Amino acid sequence: MSLQDYHTKLRYQHQATQDFNRARNKAVLSRIQHFMNTDKDMLLSLSDVREILKPRNEVYRGMQAVSISRIVGSEGRYRDFTKYFFPKSEFLRVRWERIDKAKIQDIPLPAIQLYEIGGAYFVRDGNHRVSVARSMGIEDIDAEVTSLSTEIEIDSTMTVDDLRHAVIEYEKKIFYEKTLFGTLTRDKDLNFTQPGRYDIIYNHILVHKYYLNESTDEELSFQNALVSWYSKVYQPIIQIINEDMLCLNFPGRSPSDLYVWIVQHWDNLKKKNGLSYPASSAARDFSVKYGKKEGLGYHLRLLKERIIRFFSSLFTRTPDQKRNR
């Protein structure tokens, strides 16, 4: 190796070291900026996104030039880089600098491999190459793309919670349109905190329809079954949930969430205690067994019961008790 080649090699290495240090500093700064909300600084996990969106199939799209700004996650290395693919750890240095030196010298690198889903991209292979390209300010990168089908659009700023909320809102929209739920019940508050719950409600209505049709010669329409289920099953349980303030024992959950869980719990209890086991007892039993132990709801119910007992005692005292008071 000539002296000139040696100095050139040193210069490339020095440049790569500086580039990595700058990228690491950006990662540290980003983590400091988002320390109150770390999800905003994280890449999306493809596994988590698959679990939430449940794509139906995949299609090979071939080679494409992809905007790096639309690469929002990774299949396996989502913990190693920030939201903008800056390296989080020192152990990434050796491979990162090797790729950076290749870029500096214009040495061709293999195309990365990406999954596309909802208009966003996830790295299958090539996380370090994306990181280096982003640090260099490169806007597009050659990629071999496979698409996963979904109806949900993924925005580059989305967190996992944002994505889950988008799926729930989409499911609610489809459910309300398909069943005319809002028109028939005037209820806009059938809300859930997890995907997949509207399918459960749909099945509850079908089961209710089946039992109603057992006792009549005419086939009951789905819409009539929905109204009957809503007034005779759903609303009475929601009333119990609200009156007993059960949601306070399940922070972050909605009354509709509790309805689904309580009905399942009620079915199990009826198998043990008979079909006449009351829904109110099932709701309270569920809250005691699975709710936040001695949460705010527990103390408020105790206070409510004491107030009721106090005022009841005022009106049930005998005349002699009132005179001696």
# chains A, B, ... in the order shown; residues from 1 in each chain; ligands from 1
$ closest_atom_pairs --of "range 68-128 of chain A" --to "range 20-23 of chain A" --cutoff "8 Å" --atoms "only C-alpha atoms" --output "CSV"
residue,atom,partner,partner_atom,distance
A:Phe86,CA,A:Ala23,CA,5.5
A:Pro87,CA,A:Ala23,CA,6.5
A:Arg93,CA,A:Phe20,CA,6.8
A:Trp96,CA,A:Phe20,CA,7.2
A:Glu97,CA,A:Phe20,CA,6.6
$ write_last_selection --atoms "N, CA, C and O atoms" --output "mmCIF file, in the first residue's frame"
data_model
loop_
_atom_site.group_PDB
_atom_site.id
_atom_site.type_symbol
_atom_site.label_atom_id
_atom_site.label_comp_id
_atom_site.auth_asym_id
_atom_site.auth_seq_id
_atom_site.Cartn_x
_atom_site.Cartn_y
_atom_site.Cartn_z
ATOM 1 N N PHE A 86 -31.409 7.047 13.464
ATOM 2 C CA PHE A 86 -30.100 7.357 14.044
ATOM 3 C C PHE A 86 -29.729 6.249 15.024
ATOM 4 O O PHE A 86 -30.580 5.762 15.775
ATOM 5 N N PRO A 87 -28.447 5.822 15.039
ATOM 6 C CA PRO A 87 -28.049 4.669 15.854
ATOM 7 C C PRO A 87 -28.077 4.978 17.347
ATOM 8 O O PRO A 87 -27.508 5.957 17.807
ATOM 9 N N ARG A 93 -21.405 0.712 15.753
ATOM 10 C CA ARG A 93 -20.395 1.548 15.098
ATOM 11 C C ARG A 93 -19.663 0.838 13.954
ATOM 12 O O ARG A 93 -19.546 1.390 12.840
ATOM 13 N N TRP A 96 -21.780 0.199 10.890
ATOM 14 C CA TRP A 96 -22.269 1.489 10.394
ATOM 15 C C TRP A 96 -21.151 2.227 9.653
ATOM 16 O O TRP A 96 -21.363 2.738 8.546
ATOM 17 N N GLU A 97 -19.947 2.275 10.253
ATOM 18 C CA GLU A 97 -18.827 2.987 9.639
ATOM 19 C C GLU A 97 -18.371 2.299 8.357
ATOM 20 O O GLU A 97 -17.953 2.969 7.400
#
$ select_by_dssp --residues "range 22-98 of chain A" --states "alpha helix (DSSP H)" --output "list in words"
Arg22, Ala23, Arg24, Asn25, Lys26, Ala27, Val28, Leu29, Ser30, Arg31, Ile32, Gln33, Leu46, Ser47, Asp48, Val49, Arg50, Glu51, Ile52, Leu53, Arg93, Val94, Arg95, Trp96, Glu97 and Arg98 of chain A
$ write_last_selection --atoms "N, CA, C and O atoms" --output "short mmCIF file (atom, residue, chain, number, x, y, z; two decimals), in the first residue's frame"
data_model
loop_
_atom_site.label_atom_id
_atom_site.label_comp_id
_atom_site.auth_asym_id
_atom_site.auth_seq_id
_atom_site.Cartn_x
_atom_site.Cartn_y
_atom_site.Cartn_z
N ARG A 22 -21.71 11.99 14.83
CA ARG A 22 -22.78 12.96 14.62
C ARG A 22 -24.15 12.27 14.68
O ARG A 22 -25.10 12.80 15.28
N ALA A 23 -24.24 11.11 14.04
CA ALA A 23 -25.50 10.38 14.05
C ALA A 23 -25.87 9.95 15.47
O ALA A 23 -27.04 10.02 15.88
N ARG A 24 -24.88 9.48 16.24
CA ARG A 24 -25.14 9.08 17.63
C ARG A 24 -25.58 10.26 18.47
O ARG A 24 -26.47 10.16 19.31
N ASN A 25 -24.95 11.43 18.24
CA ASN A 25 -25.33 12.63 18.99
C ASN A 25 -26.78 13.02 18.68
O ASN A 25 -27.52 13.46 19.57
N LYS A 26 -27.19 12.86 17.42
CA LYS A 26 -28.58 13.14 17.05
C LYS A 26 -29.53 12.17 17.75
O LYS A 26 -30.64 12.56 18.16
N ALA A 27 -29.10 10.91 17.86
CA ALA A 27 -29.93 9.92 18.55
C ALA A 27 -30.09 10.28 20.02
O ALA A 27 -31.19 10.20 20.58
N VAL A 28 -28.98 10.69 20.66
CA VAL A 28 -29.03 11.09 22.07
C VAL A 28 -29.94 12.30 22.25
O VAL A 28 -30.77 12.34 23.17
N LEU A 29 -29.79 13.29 21.38
CA LEU A 29 -30.62 14.49 21.46
C LEU A 29 -32.10 14.15 21.27
O LEU A 29 -32.97 14.67 21.99
N SER A 30 -32.38 13.26 20.33
CA SER A 30 -33.76 12.86 20.08
C SER A 30 -34.36 12.16 21.30
O SER A 30 -35.51 12.42 21.67
N ARG A 31 -33.57 11.32 21.95
CA ARG A 31 -34.07 10.62 23.13
C ARG A 31 -34.31 11.60 24.29
O ARG A 31 -35.26 11.43 25.06
N ILE A 32 -33.48 12.62 24.40
CA ILE A 32 -33.69 13.64 25.43
C ILE A 32 -34.96 14.43 25.15
O ILE A 32 -35.76 14.69 26.05
N GLN A 33 -35.17 14.78 23.88
CA GLN A 33 -36.35 15.55 23.51
C GLN A 33 -37.65 14.79 23.75
O GLN A 33 -38.69 15.38 24.03
N LEU A 46 -42.51 -4.26 13.00
CA LEU A 46 -43.37 -4.88 11.99
C LEU A 46 -44.25 -5.96 12.62
O LEU A 46 -45.41 -6.12 12.24
N SER A 47 -43.70 -6.67 13.60
CA SER A 47 -44.48 -7.70 14.27
C SER A 47 -45.70 -7.10 14.96
O SER A 47 -46.82 -7.64 14.87
N ASP A 48 -45.51 -5.97 15.65
CA ASP A 48 -46.63 -5.30 16.32
C ASP A 48 -47.66 -4.82 15.30
O ASP A 48 -48.87 -4.94 15.51
N VAL A 49 -47.17 -4.26 14.19
CA VAL A 49 -48.07 -3.74 13.16
C VAL A 49 -48.87 -4.87 12.52
O VAL A 49 -50.07 -4.74 12.26
N ARG A 50 -48.20 -5.99 12.26
CA ARG A 50 -48.91 -7.16 11.72
C ARG A 50 -50.02 -7.62 12.68
O ARG A 50 -51.13 -7.96 12.26
N GLU A 51 -49.70 -7.63 13.97
CA GLU A 51 -50.66 -8.09 14.96
C GLU A 51 -51.88 -7.17 15.01
O GLU A 51 -53.02 -7.64 15.18
N ILE A 52 -51.66 -5.87 14.84
CA ILE A 52 -52.76 -4.91 14.92
C ILE A 52 -53.57 -4.88 13.61
O ILE A 52 -54.80 -4.91 13.64
N LEU A 53 -52.87 -4.84 12.46
CA LEU A 53 -53.56 -4.68 11.18
C LEU A 53 -54.03 -6.00 10.58
O LEU A 53 -54.96 -6.02 9.77
N ARG A 93 -21.40 0.71 15.75
CA ARG A 93 -20.40 1.55 15.10
C ARG A 93 -19.66 0.84 13.95
O ARG A 93 -19.55 1.39 12.84
N VAL A 94 -19.13 -0.35 14.20
CA VAL A 94 -18.25 -1.00 13.22
C VAL A 94 -18.96 -1.19 11.89
O VAL A 94 -18.44 -0.79 10.83
N ARG A 95 -20.14 -1.80 11.92
CA ARG A 95 -20.86 -2.04 10.66
C ARG A 95 -21.33 -0.74 10.05
O ARG A 95 -21.31 -0.57 8.83
N TRP A 96 -21.78 0.20 10.89
CA TRP A 96 -22.27 1.49 10.39
C TRP A 96 -21.15 2.23 9.65
O TRP A 96 -21.36 2.74 8.55
N GLU A 97 -19.95 2.27 10.25
CA GLU A 97 -18.83 2.99 9.64
C GLU A 97 -18.37 2.30 8.36
O GLU A 97 -17.95 2.97 7.40
N ARG A 98 -18.44 0.98 8.31
CA ARG A 98 -18.05 0.25 7.10
C ARG A 98 -18.96 0.63 5.93
O ARG A 98 -18.50 0.86 4.81
#
$ residues_around --residues "Arg134 in chain A" --least-positions-apart "4" --cutoff "12 Å" --atoms "only C-alpha atoms" --output "list in words"
Asp19, Phe20, Ala23, Lys26, Ser67, Ile68, Ser69, Arg70, Ile71, Phe81, Thr82, Lys83, Tyr84, Phe85, Phe86, Pro87, Asp100, Lys103, Asn127, His128, Arg129, Val130, Ile138, Glu139, Asp140 and Ile141 of chain A
$ residues_around --residues "range 223-229 of chain A" --least-positions-apart "4" --cutoff "9 Å" --atoms "only C-alpha atoms" --output "VMD selection string"
chain A and resid 179 to 181 184 to 185 202 204 to 206 208 to 210 212 233 to 235
$ atom_distance --atom1 "CA of Ile168 in chain A" --atom2 "CA of Ile240 in chain A"
24.8 Å
$ atom_distance --atom1 "CA of Ser256 in chain A" --atom2 "CA of Asp39 in chain A"
26.6 Å
$ atom_distance --atom1 "CA of Gly118 in chain A" --atom2 "CA of Ile154 in chain A"
5.1 Å
$ select_by_dssp --residues "range 116-305 of chain A" --states "strand (DSSP E)" --output "compact mmCIF listing (two decimals) with N, CA, C and O atoms, in the first residue's frame"
# COMPACT_ATOMS: atom_id res chain seq x y z
N GLU A 116 -43.93 -3.10 2.49
CA GLU A 116 -44.81 -1.94 2.43
C GLU A 116 -46.17 -2.33 2.98
O GLU A 116 -46.72 -3.38 2.63
N ILE A 117 -46.69 -1.50 3.88
CA ILE A 117 -48.02 -1.74 4.43
C ILE A 117 -48.66 -0.40 4.78
O ILE A 117 -48.05 0.42 5.47
N ALA A 120 -46.61 2.86 4.21
CA ALA A 120 -45.35 3.02 4.95
C ALA A 120 -44.48 1.79 4.71
O ALA A 120 -44.96 0.74 4.27
N TYR A 121 -43.18 1.92 5.05
CA TYR A 121 -42.24 0.85 4.76
C TYR A 121 -41.51 0.41 6.03
O TYR A 121 -41.23 1.21 6.93
N PHE A 122 -41.19 -0.91 6.05
CA PHE A 122 -40.49 -1.52 7.17
C PHE A 122 -39.30 -2.32 6.63
O PHE A 122 -39.44 -3.06 5.66
N VAL A 123 -38.16 -2.17 7.29
CA VAL A 123 -36.93 -2.79 6.79
C VAL A 123 -36.90 -4.27 7.13
O VAL A 123 -37.01 -4.65 8.30
N ARG A 124 -36.74 -5.08 6.10
CA ARG A 124 -36.48 -6.52 6.29
C ARG A 124 -34.98 -6.75 6.40
O ARG A 124 -34.51 -7.51 7.24
N ASP A 125 -34.23 -6.11 5.51
CA ASP A 125 -32.77 -6.23 5.50
C ASP A 125 -32.19 -4.91 5.02
O ASP A 125 -32.61 -4.39 3.98
N ASP A 140 -33.92 9.23 -1.40
CA ASP A 140 -34.49 7.98 -1.92
C ASP A 140 -33.44 6.87 -1.86
O ASP A 140 -32.24 7.13 -1.93
N ILE A 141 -33.94 5.64 -1.78
CA ILE A 141 -33.04 4.49 -1.71
C ILE A 141 -33.65 3.34 -2.51
O ILE A 141 -34.88 3.16 -2.53
N ASP A 142 -32.81 2.59 -3.20
CA ASP A 142 -33.28 1.46 -3.99
C ASP A 142 -33.65 0.31 -3.05
O ASP A 142 -32.90 -0.04 -2.13
N ALA A 143 -34.82 -0.29 -3.31
CA ALA A 143 -35.29 -1.33 -2.41
C ALA A 143 -36.09 -2.38 -3.18
O ALA A 143 -36.75 -2.09 -4.17
N GLU A 144 -36.00 -3.61 -2.69
CA GLU A 144 -36.82 -4.71 -3.16
C GLU A 144 -38.04 -4.77 -2.23
O GLU A 144 -37.88 -4.98 -1.02
N VAL A 145 -39.22 -4.56 -2.79
CA VAL A 145 -40.41 -4.31 -1.98
C VAL A 145 -41.43 -5.45 -2.07
O VAL A 145 -41.71 -5.95 -3.17
N THR A 146 -41.97 -5.82 -0.91
CA THR A 146 -43.11 -6.73 -0.83
C THR A 146 -44.22 -6.01 -0.08
O THR A 146 -44.00 -5.45 1.00
N SER A 147 -45.42 -5.99 -0.67
CA SER A 147 -46.55 -5.26 -0.06
C SER A 147 -47.44 -6.20 0.73
O SER A 147 -47.73 -7.32 0.30
N LEU A 148 -47.91 -5.70 1.89
CA LEU A 148 -48.89 -6.39 2.72
C LEU A 148 -50.18 -5.58 2.66
O LEU A 148 -50.17 -4.36 2.85
$ closest_atom_pairs --of "range 174-291 of chain A" --to "range 157-163 of chain A" --cutoff "12 Å" --atoms "only C-alpha atoms" --output "JSON lines"
{"residue": "A:Thr193", "atom": "CA", "partner": "A:Asp161", "partner_atom": "CA", "distance": 9.8}
{"residue": "A:Gln194", "atom": "CA", "partner": "A:Asp161", "partner_atom": "CA", "distance": 9.9}
{"residue": "A:Pro195", "atom": "CA", "partner": "A:Leu163", "partner_atom": "CA", "distance": 10.3}
$ residues_around --residues "Ala279 in chain A" --least-positions-apart "6" --cutoff "12 Å" --atoms "only C-alpha atoms" --output "list in words"
Lys232, Val233, Tyr234, Gln235, Pro236, Ile237, Ile238, Gln239, Ile240, Ile241, Tyr259, Trp261, Ile262, Val263, Gln264, His265, Trp266, Asp267, Asn268, Leu269, Lys270, Asp285 and Phe286 of chain A
$ closest_atom_pairs --of "range 103-174 of chain A" --to "range 196-200 of chain A" --cutoff "12 Å" --atoms "only C-alpha atoms" --output "Markdown table"
| residue | atom | partner | partner_atom | distance |
| --- | --- | --- | --- | --- |
| A:Arg164 | CA | A:Gly196 | CA | 10.5 |
| A:His165 | CA | A:Gly196 | CA | 11.7 |
| A:Val167 | CA | A:Gly196 | CA | 9.0 |
| A:Ile168 | CA | A:Gly196 | CA | 7.7 |
| A:Glu169 | CA | A:Tyr198 | CA | 10.4 |
| A:Tyr170 | CA | A:Tyr198 | CA | 10.4 |
| A:Glu171 | CA | A:Tyr198 | CA | 6.7 |
| A:Lys172 | CA | A:Tyr198 | CA | 6.8 |
| A:Lys173 | CA | A:Tyr198 | CA | 10.0 |
| A:Ile174 | CA | A:Tyr198 | CA | 9.1 |
